[in-house]
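Data block below; observations after.
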Amino acid sequence: MAASTYFLLVAFVALVISQATASDPSPLQDFCVADIHSPVKVNGFVCKDPMAVNADDFFKAANLDKPRDTMKSKVGSNVTLINVMRLPGLNTLGISLARIDYAPLGENPPHTHPRATEILTVLEGTLYVGFVTSNTDNGNKLFAKVLNKGDVFVFPQGLIHFQFNPVHDKPAVAIAALSSQNPGVITIANAVFGSKPPISDDVLAKAFQVQKGTIDWLQAQFWENNHY
């Protein structure tokens with residue numbers, strides 16, 4: 001194989017791999033502020049006219065220094081996500097941010113982000129956190145740790161993970177950075193038992209090896225969203 005042909009082949013393979021592994025599209029200019037209201041549908045958002053962009057497109061008075069209400073949440077947590085829908089300047093930049101408030105004994109229940117890795121930093125309080133690996137011949141392994149103020153923990157992209165405040169009389173606060181402008185979230189219990197229309201109770205009874213009456217009871221519960 002000629003050296004030039006070999007070089008082109010290697011370059012092509014590298015390009016394909018980079019596109020296959022990228023979480024979000026890479027920017028091809030300094031910025032691509034999302035035109036949220038554009039009727040054009042693309043993977044992400046169409047760029048706003050650069051001449052119409054101003055500093056406010058990269059700014060949000062999010063009040064992330066203020067505590068959030070966790071009392072209304074059945075799971076005792078409140079997730080405030082800053083993604084591209086709330087800060088258009090994030091478009092194509094591959095990053096977003098969330099503040100998570102936990103009531104005493106509150107949790108951010110098992111969930112997954114299909115498009116992002118998450119790195120969590122505890123700002124106040126104590127959290128028991130963990131993630132579970134994908135299926136292997138040895139089952140699904142749990143990696144868990146108790147975190148205190150200032151500690152950091154990483155949840156790999158797509159894996160089921162959780163955070164729980166084990167303290168009965170003190171709240172906790174964390175900040176999470178995510179490697180996508182729109183990481184998405186699938187809360188496991190909500191998705192399995194609260195989907196619309198519901199998954200057949202025959203399917204779920206078989207999957208969980210319980211009576212259909214148990215599944216019917218679970219599906220009758222109110223599965224709330226703790227992301228605001």
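By convention in this document, the chains of the structure tokens carry letters A, B, ... by their order, each chain's residues are numbered from 1, and ligands are numbered from 1 in the order they are shown.
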
With the cut-off set at 12 Å and counting only C-alpha atoms, tabulate each residue of segment 114-217 of chain A with an atom at most that distance from an atom of segment 64-82 of chain A, showing the nearest atom pair and its distance in Å to one decimal, ordered by chain and increasing number, as CSV.
```
residue,atom,partner,partner_atom,distance
A:Leu123,CA,A:Asp65,CA,10.7
A:Glu124,CA,A:Pro67,CA,11.2
A:Phe162,CA,A:Ser77,CA,11.5
A:Gln163,CA,A:Ser77,CA,9.7
A:Phe164,CA,A:Ser77,CA,9.2
A:Asn165,CA,A:Gly76,CA,9.2
A:Pro166,CA,A:Gly76,CA,11.7
A:His168,CA,A:Gly76,CA,11.7
A:Pro171,CA,A:Thr70,CA,9.4
A:Ala172,CA,A:Ser77,CA,9.4
A:Val173,CA,A:Pro67,CA,8.4
A:Ala174,CA,A:Val79,CA,9.6
A:Ile175,CA,A:Leu64,CA,9.3
A:Ala176,CA,A:Leu81,CA,9.1
A:Ala177,CA,A:Ile82,CA,9.7
A:Leu178,CA,A:Leu81,CA,10.0
A:Ser180,CA,A:Ile82,CA,11.0
A:Gln181,CA,A:Ile82,CA,8.8
A:Asn182,CA,A:Ile82,CA,9.1
A:Pro183,CA,A:Leu81,CA,9.9
A:Gly184,CA,A:Leu81,CA,10.2
A:Val185,CA,A:Leu81,CA,10.7
A:Thr187,CA,A:Val75,CA,11.8
A:Ala189,CA,A:Val75,CA,11.6
A:Asn190,CA,A:Val75,CA,11.9
```

Could you pull out all residues of segment 39-228 of chain A with a DSSP call of strand (DSSP E or B) and give them as a compact mmCIF listing (two decimals) with all heavy atoms, in the first residue's frame?
```txt
# COMPACT_ATOMS: atom_id res chain seq x y z
N CYS A 47 -27.70 27.37 14.75
CA CYS A 47 -26.98 28.53 15.29
C CYS A 47 -27.79 29.81 15.08
O CYS A 47 -28.35 30.05 14.01
CB CYS A 47 -25.63 28.71 14.60
SG CYS A 47 -24.48 27.33 14.78
N SER A 77 -35.49 15.50 47.09
CA SER A 77 -34.40 16.17 46.38
C SER A 77 -34.97 17.11 45.33
O SER A 77 -36.13 17.00 44.91
CB SER A 77 -33.45 15.16 45.73
OG SER A 77 -34.10 14.44 44.70
N ASN A 78 -34.12 18.03 44.89
CA ASN A 78 -34.50 19.00 43.88
C ASN A 78 -33.28 19.25 42.99
O ASN A 78 -32.26 19.72 43.46
CB ASN A 78 -34.96 20.30 44.54
CG ASN A 78 -35.53 21.31 43.56
OD1 ASN A 78 -35.07 21.44 42.44
ND2 ASN A 78 -36.54 22.04 44.01
N VAL A 79 -33.41 18.90 41.70
CA VAL A 79 -32.31 19.06 40.75
C VAL A 79 -32.58 20.27 39.87
O VAL A 79 -33.60 20.32 39.17
CB VAL A 79 -32.14 17.81 39.87
CG1 VAL A 79 -30.99 18.00 38.88
CG2 VAL A 79 -31.91 16.57 40.73
N THR A 80 -31.69 21.25 39.90
CA THR A 80 -31.80 22.44 39.06
C THR A 80 -30.77 22.34 37.95
O THR A 80 -29.57 22.52 38.18
CB THR A 80 -31.57 23.72 39.88
OG1 THR A 80 -32.46 23.74 41.00
CG2 THR A 80 -31.80 24.96 39.03
N LEU A 81 -31.22 22.03 36.75
CA LEU A 81 -30.32 21.79 35.62
C LEU A 81 -30.19 23.03 34.75
O LEU A 81 -31.18 23.65 34.38
CB LEU A 81 -30.86 20.63 34.78
CG LEU A 81 -30.08 20.27 33.51
CD1 LEU A 81 -28.68 19.77 33.87
CD2 LEU A 81 -30.83 19.22 32.71
N ILE A 82 -28.94 23.36 34.43
CA ILE A 82 -28.66 24.43 33.47
C ILE A 82 -28.11 23.77 32.22
O ILE A 82 -26.93 23.41 32.14
CB ILE A 82 -27.64 25.45 34.04
CG1 ILE A 82 -28.11 25.98 35.41
CG2 ILE A 82 -27.46 26.60 33.04
CD1 ILE A 82 -29.42 26.71 35.39
N SER A 96 -22.82 20.93 30.65
CA SER A 96 -23.97 21.50 31.36
C SER A 96 -23.70 21.37 32.86
O SER A 96 -22.69 20.79 33.27
CB SER A 96 -25.28 20.82 30.96
OG SER A 96 -25.21 19.44 31.16
N LEU A 97 -24.62 21.89 33.65
CA LEU A 97 -24.38 22.02 35.09
C LEU A 97 -25.68 21.81 35.84
O LEU A 97 -26.76 22.13 35.35
CB LEU A 97 -23.83 23.42 35.39
CG LEU A 97 -23.47 23.78 36.83
CD1 LEU A 97 -22.17 23.09 37.23
CD2 LEU A 97 -23.30 25.29 36.96
N ALA A 98 -25.59 21.26 37.05
CA ALA A 98 -26.78 21.10 37.88
C ALA A 98 -26.45 21.34 39.34
O ALA A 98 -25.38 20.94 39.82
CB ALA A 98 -27.38 19.71 37.72
N ARG A 99 -27.35 22.00 40.05
CA ARG A 99 -27.31 22.07 41.51
C ARG A 99 -28.32 21.05 42.02
O ARG A 99 -29.45 20.98 41.53
CB ARG A 99 -27.68 23.47 42.01
CG ARG A 99 -27.81 23.51 43.55
CD ARG A 99 -28.32 24.83 44.08
NE ARG A 99 -28.67 24.70 45.49
CZ ARG A 99 -28.14 25.43 46.47
NH1 ARG A 99 -27.24 26.35 46.21
NH2 ARG A 99 -28.53 25.23 47.72
N ILE A 100 -27.90 20.27 43.03
CA ILE A 100 -28.78 19.25 43.59
C ILE A 100 -28.91 19.49 45.09
O ILE A 100 -27.89 19.50 45.80
CB ILE A 100 -28.26 17.83 43.32
CG1 ILE A 100 -27.88 17.68 41.85
CG2 ILE A 100 -29.32 16.79 43.69
CD1 ILE A 100 -27.04 16.48 41.55
N ASP A 101 -30.14 19.70 45.55
CA ASP A 101 -30.42 19.87 46.97
C ASP A 101 -31.07 18.60 47.50
O ASP A 101 -31.97 18.04 46.87
CB ASP A 101 -31.36 21.06 47.18
CG ASP A 101 -30.70 22.39 46.88
OD1 ASP A 101 -30.55 22.72 45.69
OD2 ASP A 101 -30.35 23.10 47.83
N TYR A 102 -30.61 18.16 48.67
CA TYR A 102 -31.13 16.94 49.29
C TYR A 102 -31.67 17.27 50.68
O TYR A 102 -30.97 17.86 51.51
CB TYR A 102 -30.02 15.89 49.46
CG TYR A 102 -29.20 15.64 48.22
CD1 TYR A 102 -28.12 16.47 47.91
CD2 TYR A 102 -29.47 14.57 47.37
CE1 TYR A 102 -27.34 16.24 46.79
CE2 TYR A 102 -28.70 14.33 46.25
CZ TYR A 102 -27.64 15.18 45.96
OH TYR A 102 -26.86 14.95 44.84
N GLU A 107 -32.98 11.67 48.58
CA GLU A 107 -32.12 11.04 47.58
C GLU A 107 -32.44 11.55 46.18
O GLU A 107 -33.54 12.02 45.90
CB GLU A 107 -32.27 9.53 47.61
CG GLU A 107 -33.59 9.01 47.07
CD GLU A 107 -33.62 7.49 46.94
OE1 GLU A 107 -32.66 6.82 47.36
OE2 GLU A 107 -34.62 6.98 46.39
N ASN A 108 -31.44 11.46 45.34
CA ASN A 108 -31.62 11.57 43.90
C ASN A 108 -31.65 10.12 43.42
O ASN A 108 -30.62 9.46 43.37
CB ASN A 108 -30.46 12.34 43.26
CG ASN A 108 -30.74 12.73 41.83
OD1 ASN A 108 -31.86 12.61 41.34
ND2 ASN A 108 -29.70 13.17 41.13
N PRO A 109 -32.84 9.58 43.13
CA PRO A 109 -32.99 8.13 42.98
C PRO A 109 -32.23 7.58 41.77
O PRO A 109 -31.79 8.34 40.90
CB PRO A 109 -34.51 7.96 42.81
CG PRO A 109 -34.99 9.27 42.32
CD PRO A 109 -34.11 10.31 42.94
N PRO A 110 -32.06 6.25 41.73
CA PRO A 110 -31.31 5.64 40.63
C PRO A 110 -31.79 6.13 39.26
O PRO A 110 -32.98 6.07 38.95
CB PRO A 110 -31.57 4.14 40.83
CG PRO A 110 -31.75 4.01 42.32
CD PRO A 110 -32.50 5.24 42.72
N HIS A 111 -30.83 6.62 38.48
CA HIS A 111 -31.13 7.17 37.17
C HIS A 111 -29.89 7.05 36.29
O HIS A 111 -28.83 6.63 36.75
CB HIS A 111 -31.56 8.64 37.29
CG HIS A 111 -30.50 9.55 37.84
ND1 HIS A 111 -30.20 9.62 39.19
CD2 HIS A 111 -29.64 10.41 37.23
CE1 HIS A 111 -29.22 10.49 39.38
NE2 HIS A 111 -28.86 10.98 38.21
N THR A 112 -30.04 7.42 35.04
CA THR A 112 -28.92 7.40 34.12
C THR A 112 -28.99 8.61 33.19
O THR A 112 -30.07 9.14 32.93
CB THR A 112 -28.92 6.10 33.28
OG1 THR A 112 -27.83 6.13 32.35
CG2 THR A 112 -30.21 5.93 32.51
N GLU A 118 -20.90 12.30 34.40
CA GLU A 118 -21.18 13.31 35.43
C GLU A 118 -20.07 13.30 36.47
O GLU A 118 -19.63 12.24 36.90
CB GLU A 118 -22.52 12.99 36.11
CG GLU A 118 -22.86 13.89 37.29
CD GLU A 118 -24.17 13.51 37.95
OE1 GLU A 118 -24.94 12.72 37.36
OE2 GLU A 118 -24.42 13.97 39.09
N ILE A 119 -19.63 14.49 36.87
CA ILE A 119 -18.70 14.62 37.99
C ILE A 119 -19.39 15.47 39.06
O ILE A 119 -19.86 16.57 38.79
CB ILE A 119 -17.34 15.21 37.55
CG1 ILE A 119 -16.38 15.27 38.74
CG2 ILE A 119 -17.49 16.56 36.88
CD1 ILE A 119 -14.94 15.54 38.36
N LEU A 120 -19.50 14.90 40.26
CA LEU A 120 -20.27 15.49 41.36
C LEU A 120 -19.34 15.99 42.44
O LEU A 120 -18.41 15.29 42.85
CB LEU A 120 -21.22 14.44 41.93
CG LEU A 120 -22.15 14.90 43.05
CD1 LEU A 120 -23.46 15.41 42.44
CD2 LEU A 120 -22.44 13.76 44.03
N THR A 121 -19.60 17.20 42.92
CA THR A 121 -18.84 17.79 44.03
C THR A 121 -19.80 18.12 45.16
O THR A 121 -20.80 18.81 44.95
CB THR A 121 -18.12 19.08 43.60
OG1 THR A 121 -17.27 18.80 42.49
CG2 THR A 121 -17.27 19.65 44.74
N VAL A 122 -19.50 17.64 46.36
CA VAL A 122 -20.34 17.92 47.53
C VAL A 122 -19.97 19.30 48.09
O VAL A 122 -18.81 19.54 48.43
CB VAL A 122 -20.17 16.84 48.62
CG1 VAL A 122 -21.03 17.18 49.84
CG2 VAL A 122 -20.55 15.47 48.07
N LEU A 123 -20.95 20.19 48.17
CA LEU A 123 -20.72 21.52 48.72
C LEU A 123 -21.03 21.60 50.21
O LEU A 123 -20.36 22.32 50.95
CB LEU A 123 -21.57 22.55 47.96
CG LEU A 123 -21.34 22.68 46.46
CD1 LEU A 123 -22.21 23.81 45.91
CD2 LEU A 123 -19.87 22.95 46.15
N GLU A 124 -22.07 20.88 50.61
CA GLU A 124 -22.45 20.86 52.02
C GLU A 124 -23.01 19.49 52.36
O GLU A 124 -23.70 18.86 51.54
CB GLU A 124 -23.53 21.92 52.32
CG GLU A 124 -23.09 23.36 52.13
CD GLU A 124 -22.07 23.82 53.17
OE1 GLU A 124 -21.95 23.14 54.21
OE2 GLU A 124 -21.42 24.86 52.93
N LEU A 127 -23.04 12.63 51.55
CA LEU A 127 -23.81 11.86 50.58
C LEU A 127 -23.25 10.46 50.44
O LEU A 127 -22.02 10.27 50.42
CB LEU A 127 -23.80 12.53 49.20
CG LEU A 127 -24.54 13.85 49.03
CD1 LEU A 127 -24.31 14.41 47.63
CD2 LEU A 127 -26.04 13.67 49.28
N TYR A 128 -24.15 9.49 50.36
CA TYR A 128 -23.77 8.13 49.96
C TYR A 128 -24.11 8.01 48.49
O TYR A 128 -25.28 8.16 48.10
CB TYR A 128 -24.53 7.10 50.79
CG TYR A 128 -24.39 5.68 50.31
CD1 TYR A 128 -23.16 5.03 50.34
CD2 TYR A 128 -25.49 4.99 49.82
CE1 TYR A 128 -23.03 3.72 49.89
CE2 TYR A 128 -25.37 3.68 49.38
CZ TYR A 128 -24.13 3.05 49.41
OH TYR A 128 -24.01 1.76 48.95
N VAL A 129 -23.10 7.76 47.64
CA VAL A 129 -23.31 7.76 46.19
C VAL A 129 -22.77 6.46 45.60
O VAL A 129 -21.95 5.77 46.21
CB VAL A 129 -22.61 8.96 45.52
CG1 VAL A 129 -23.01 10.27 46.20
CG2 VAL A 129 -21.09 8.80 45.54
N GLY A 130 -23.22 6.16 44.40
CA GLY A 130 -22.69 4.98 43.74
C GLY A 130 -23.23 4.81 42.34
O GLY A 130 -24.18 5.48 41.93
N PHE A 131 -22.58 3.91 41.59
CA PHE A 131 -23.08 3.53 40.27
C PHE A 131 -22.92 2.03 40.09
O PHE A 131 -22.13 1.38 40.78
CB PHE A 131 -22.39 4.30 39.14
CG PHE A 131 -20.92 3.99 38.95
CD1 PHE A 131 -20.51 2.92 38.15
CD2 PHE A 131 -19.95 4.78 39.55
CE1 PHE A 131 -19.16 2.64 37.96
CE2 PHE A 131 -18.60 4.50 39.37
CZ PHE A 131 -18.20 3.43 38.57
N VAL A 132 -23.69 1.48 39.16
CA VAL A 132 -23.70 0.04 38.89
C VAL A 132 -23.23 -0.19 37.47
O VAL A 132 -23.65 0.52 36.54
CB VAL A 132 -25.12 -0.54 39.09
CG1 VAL A 132 -25.14 -2.04 38.80
CG2 VAL A 132 -25.63 -0.27 40.49
N LEU A 142 -21.46 -2.94 42.02
CA LEU A 142 -21.73 -1.62 42.60
C LEU A 142 -20.43 -0.99 43.06
O LEU A 142 -19.64 -1.60 43.79
CB LEU A 142 -22.68 -1.76 43.80
CG LEU A 142 -22.88 -0.51 44.66
CD1 LEU A 142 -23.59 0.58 43.87
CD2 LEU A 142 -23.65 -0.84 45.93
N PHE A 143 -20.21 0.26 42.64
CA PHE A 143 -19.12 1.09 43.15
C PHE A 143 -19.75 2.21 43.96
O PHE A 143 -20.47 3.05 43.40
CB PHE A 143 -18.28 1.67 42.01
CG PHE A 143 -17.49 0.65 41.25
CD1 PHE A 143 -18.04 -0.03 40.17
CD2 PHE A 143 -16.18 0.35 41.62
CE1 PHE A 143 -17.32 -0.97 39.47
CE2 PHE A 143 -15.44 -0.59 40.92
CZ PHE A 143 -16.01 -1.26 39.85
N ALA A 144 -19.52 2.23 45.27
CA ALA A 144 -20.20 3.19 46.14
C ALA A 144 -19.22 3.78 47.14
O ALA A 144 -18.21 3.16 47.50
CB ALA A 144 -21.36 2.52 46.88
N LYS A 145 -19.56 4.99 47.60
CA LYS A 145 -18.66 5.72 48.50
C LYS A 145 -19.47 6.74 49.30
O LYS A 145 -20.45 7.31 48.81
CB LYS A 145 -17.60 6.46 47.67
CG LYS A 145 -16.44 7.03 48.45
CD LYS A 145 -15.39 6.00 48.73
CE LYS A 145 -14.17 6.63 49.40
NZ LYS A 145 -13.19 5.61 49.82
N VAL A 146 -19.06 6.98 50.53
CA VAL A 146 -19.62 8.06 51.33
C VAL A 146 -18.76 9.31 51.09
O VAL A 146 -17.54 9.28 51.27
CB VAL A 146 -19.65 7.72 52.83
CG1 VAL A 146 -20.10 8.93 53.64
CG2 VAL A 146 -20.59 6.54 53.08
N LEU A 147 -19.41 10.39 50.67
CA LEU A 147 -18.71 11.63 50.36
C LEU A 147 -19.02 12.69 51.41
O LEU A 147 -20.15 12.79 51.89
CB LEU A 147 -19.14 12.18 48.99
CG LEU A 147 -19.05 11.24 47.78
CD1 LEU A 147 -19.46 11.99 46.52
CD2 LEU A 147 -17.65 10.66 47.64
N VAL A 152 -15.26 14.61 45.61
CA VAL A 152 -15.68 14.54 44.22
C VAL A 152 -15.84 13.07 43.82
O VAL A 152 -15.07 12.21 44.26
CB VAL A 152 -14.63 15.22 43.30
CG1 VAL A 152 -14.96 15.01 41.83
CG2 VAL A 152 -14.53 16.70 43.62
N PHE A 153 -16.84 12.78 42.98
CA PHE A 153 -17.08 11.42 42.51
C PHE A 153 -17.55 11.49 41.06
O PHE A 153 -18.28 12.41 40.68
CB PHE A 153 -18.14 10.73 43.37
CG PHE A 153 -18.16 9.23 43.26
CD1 PHE A 153 -17.30 8.45 44.02
CD2 PHE A 153 -19.03 8.59 42.40
CE1 PHE A 153 -17.31 7.06 43.92
CE2 PHE A 153 -19.06 7.21 42.29
CZ PHE A 153 -18.19 6.44 43.06
N VAL A 154 -17.13 10.51 40.26
CA VAL A 154 -17.48 10.48 38.84
C VAL A 154 -18.43 9.33 38.55
O VAL A 154 -18.22 8.20 39.01
CB VAL A 154 -16.21 10.33 37.97
CG1 VAL A 154 -16.60 10.13 36.50
CG2 VAL A 154 -15.33 11.54 38.10
N PHE A 155 -19.48 9.62 37.76
CA PHE A 155 -20.41 8.61 37.29
C PHE A 155 -20.23 8.46 35.78
O PHE A 155 -20.53 9.40 35.02
CB PHE A 155 -21.86 9.01 37.60
CG PHE A 155 -22.10 9.32 39.05
CD1 PHE A 155 -22.30 10.63 39.48
CD2 PHE A 155 -22.14 8.31 39.99
CE1 PHE A 155 -22.53 10.93 40.81
CE2 PHE A 155 -22.38 8.59 41.34
CZ PHE A 155 -22.57 9.90 41.75
N ILE A 160 -26.27 3.44 35.55
CA ILE A 160 -27.23 3.77 36.61
C ILE A 160 -26.47 4.24 37.85
O ILE A 160 -25.52 3.58 38.29
CB ILE A 160 -28.10 2.56 36.93
CG1 ILE A 160 -28.97 2.18 35.72
CG2 ILE A 160 -29.00 2.84 38.15
CD1 ILE A 160 -29.74 0.89 35.90
N HIS A 161 -26.90 5.37 38.42
CA HIS A 161 -26.23 5.90 39.61
C HIS A 161 -27.25 6.61 40.49
O HIS A 161 -28.40 6.81 40.11
CB HIS A 161 -25.09 6.84 39.22
CG HIS A 161 -25.51 8.02 38.39
ND1 HIS A 161 -25.81 7.93 37.05
CD2 HIS A 161 -25.69 9.33 38.72
CE1 HIS A 161 -26.14 9.12 36.58
NE2 HIS A 161 -26.09 9.99 37.58
N PHE A 162 -26.80 6.97 41.69
CA PHE A 162 -27.70 7.56 42.69
C PHE A 162 -26.90 8.37 43.68
O PHE A 162 -25.67 8.24 43.78
CB PHE A 162 -28.46 6.45 43.44
CG PHE A 162 -27.55 5.52 44.21
CD1 PHE A 162 -27.14 5.82 45.50
CD2 PHE A 162 -27.06 4.36 43.62
CE1 PHE A 162 -26.28 4.98 46.19
CE2 PHE A 162 -26.20 3.52 44.30
CZ PHE A 162 -25.80 3.82 45.59
N GLN A 163 -27.61 9.22 44.44
CA GLN A 163 -27.05 9.92 45.60
C GLN A 163 -28.09 9.92 46.71
O GLN A 163 -29.28 10.14 46.44
CB GLN A 163 -26.67 11.37 45.24
CG GLN A 163 -25.70 11.53 44.09
CD GLN A 163 -26.38 12.10 42.86
OE1 GLN A 163 -27.29 12.91 42.95
NE2 GLN A 163 -25.93 11.68 41.67
N PHE A 164 -27.62 9.70 47.93
CA PHE A 164 -28.53 9.62 49.09
C PHE A 164 -27.90 10.36 50.26
O PHE A 164 -26.71 10.19 50.55
CB PHE A 164 -28.77 8.16 49.46
CG PHE A 164 -29.53 7.95 50.74
CD1 PHE A 164 -30.87 8.29 50.85
CD2 PHE A 164 -28.89 7.42 51.86
CE1 PHE A 164 -31.57 8.11 52.04
CE2 PHE A 164 -29.57 7.23 53.06
CZ PHE A 164 -30.92 7.58 53.14
N ALA A 172 -28.16 18.42 52.41
CA ALA A 172 -26.90 18.36 51.67
C ALA A 172 -27.08 19.08 50.34
O ALA A 172 -28.20 19.21 49.84
CB ALA A 172 -26.45 16.91 51.44
N VAL A 173 -25.97 19.54 49.79
CA VAL A 173 -25.98 20.25 48.51
C VAL A 173 -24.80 19.77 47.68
O VAL A 173 -23.69 19.59 48.21
CB VAL A 173 -25.90 21.78 48.68
CG1 VAL A 173 -25.96 22.48 47.32
CG2 VAL A 173 -27.00 22.29 49.59
N ALA A 174 -25.02 19.59 46.39
CA ALA A 174 -23.93 19.21 45.48
C ALA A 174 -24.08 19.97 44.17
O ALA A 174 -25.16 20.41 43.80
CB ALA A 174 -23.94 17.71 45.23
N ILE A 175 -22.95 20.09 43.47
CA ILE A 175 -22.93 20.62 42.11
C ILE A 175 -22.41 19.53 41.19
O ILE A 175 -21.43 18.85 41.50
CB ILE A 175 -22.02 21.86 42.00
CG1 ILE A 175 -22.68 23.08 42.66
CG2 ILE A 175 -21.69 22.18 40.54
CD1 ILE A 175 -23.81 23.70 41.83
N ALA A 176 -23.09 19.34 40.08
CA ALA A 176 -22.68 18.32 39.11
C ALA A 176 -22.39 18.98 37.77
O ALA A 176 -23.15 19.83 37.30
CB ALA A 176 -23.78 17.27 38.93
N ALA A 177 -21.27 18.59 37.15
CA ALA A 177 -20.96 18.99 35.79
C ALA A 177 -21.15 17.78 34.89
O ALA A 177 -20.79 16.65 35.26
CB ALA A 177 -19.52 19.50 35.70
N LEU A 178 -21.75 17.99 33.72
CA LEU A 178 -22.07 16.90 32.81
C LEU A 178 -21.51 17.19 31.42
O LEU A 178 -21.53 18.33 30.96
CB LEU A 178 -23.58 16.68 32.74
CG LEU A 178 -24.22 16.36 34.09
CD1 LEU A 178 -25.11 17.51 34.55
CD2 LEU A 178 -25.01 15.07 34.04
N ILE A 186 -32.90 9.49 32.70
CA ILE A 186 -33.91 8.44 32.77
C ILE A 186 -33.94 7.95 34.22
O ILE A 186 -32.99 7.31 34.68
CB ILE A 186 -33.58 7.26 31.84
CG1 ILE A 186 -33.44 7.73 30.39
CG2 ILE A 186 -34.66 6.18 31.95
CD1 ILE A 186 -32.87 6.67 29.46
N THR A 187 -34.97 8.32 34.96
CA THR A 187 -35.14 7.84 36.33
C THR A 187 -35.74 6.43 36.24
O THR A 187 -36.82 6.25 35.68
CB THR A 187 -36.04 8.78 37.13
OG1 THR A 187 -35.52 10.11 37.07
CG2 THR A 187 -36.13 8.34 38.58
N HIS A 227 -36.55 16.78 38.73
CA HIS A 227 -35.72 17.72 37.95
C HIS A 227 -36.58 18.92 37.58
O HIS A 227 -37.67 18.77 36.99
CB HIS A 227 -35.19 17.05 36.69
CG HIS A 227 -34.14 16.02 36.97
ND1 HIS A 227 -34.41 14.86 37.66
CD2 HIS A 227 -32.82 15.99 36.65
CE1 HIS A 227 -33.29 14.15 37.77
NE2 HIS A 227 -32.33 14.80 37.16
```

**Request:** Please return as JSON, numbers by chain: the residues of segment 2-188 of chain A that backbone DSSP assigns to helix (DSSP H, G or I).
**Result:** {"A": [3, 4, 5, 6, 7, 8, 9, 10, 11, 12, 13, 14, 15, 16, 17, 18, 19, 20, 21, 50, 51, 52, 55, 56, 57, 58, 88, 89, 90, 188]}
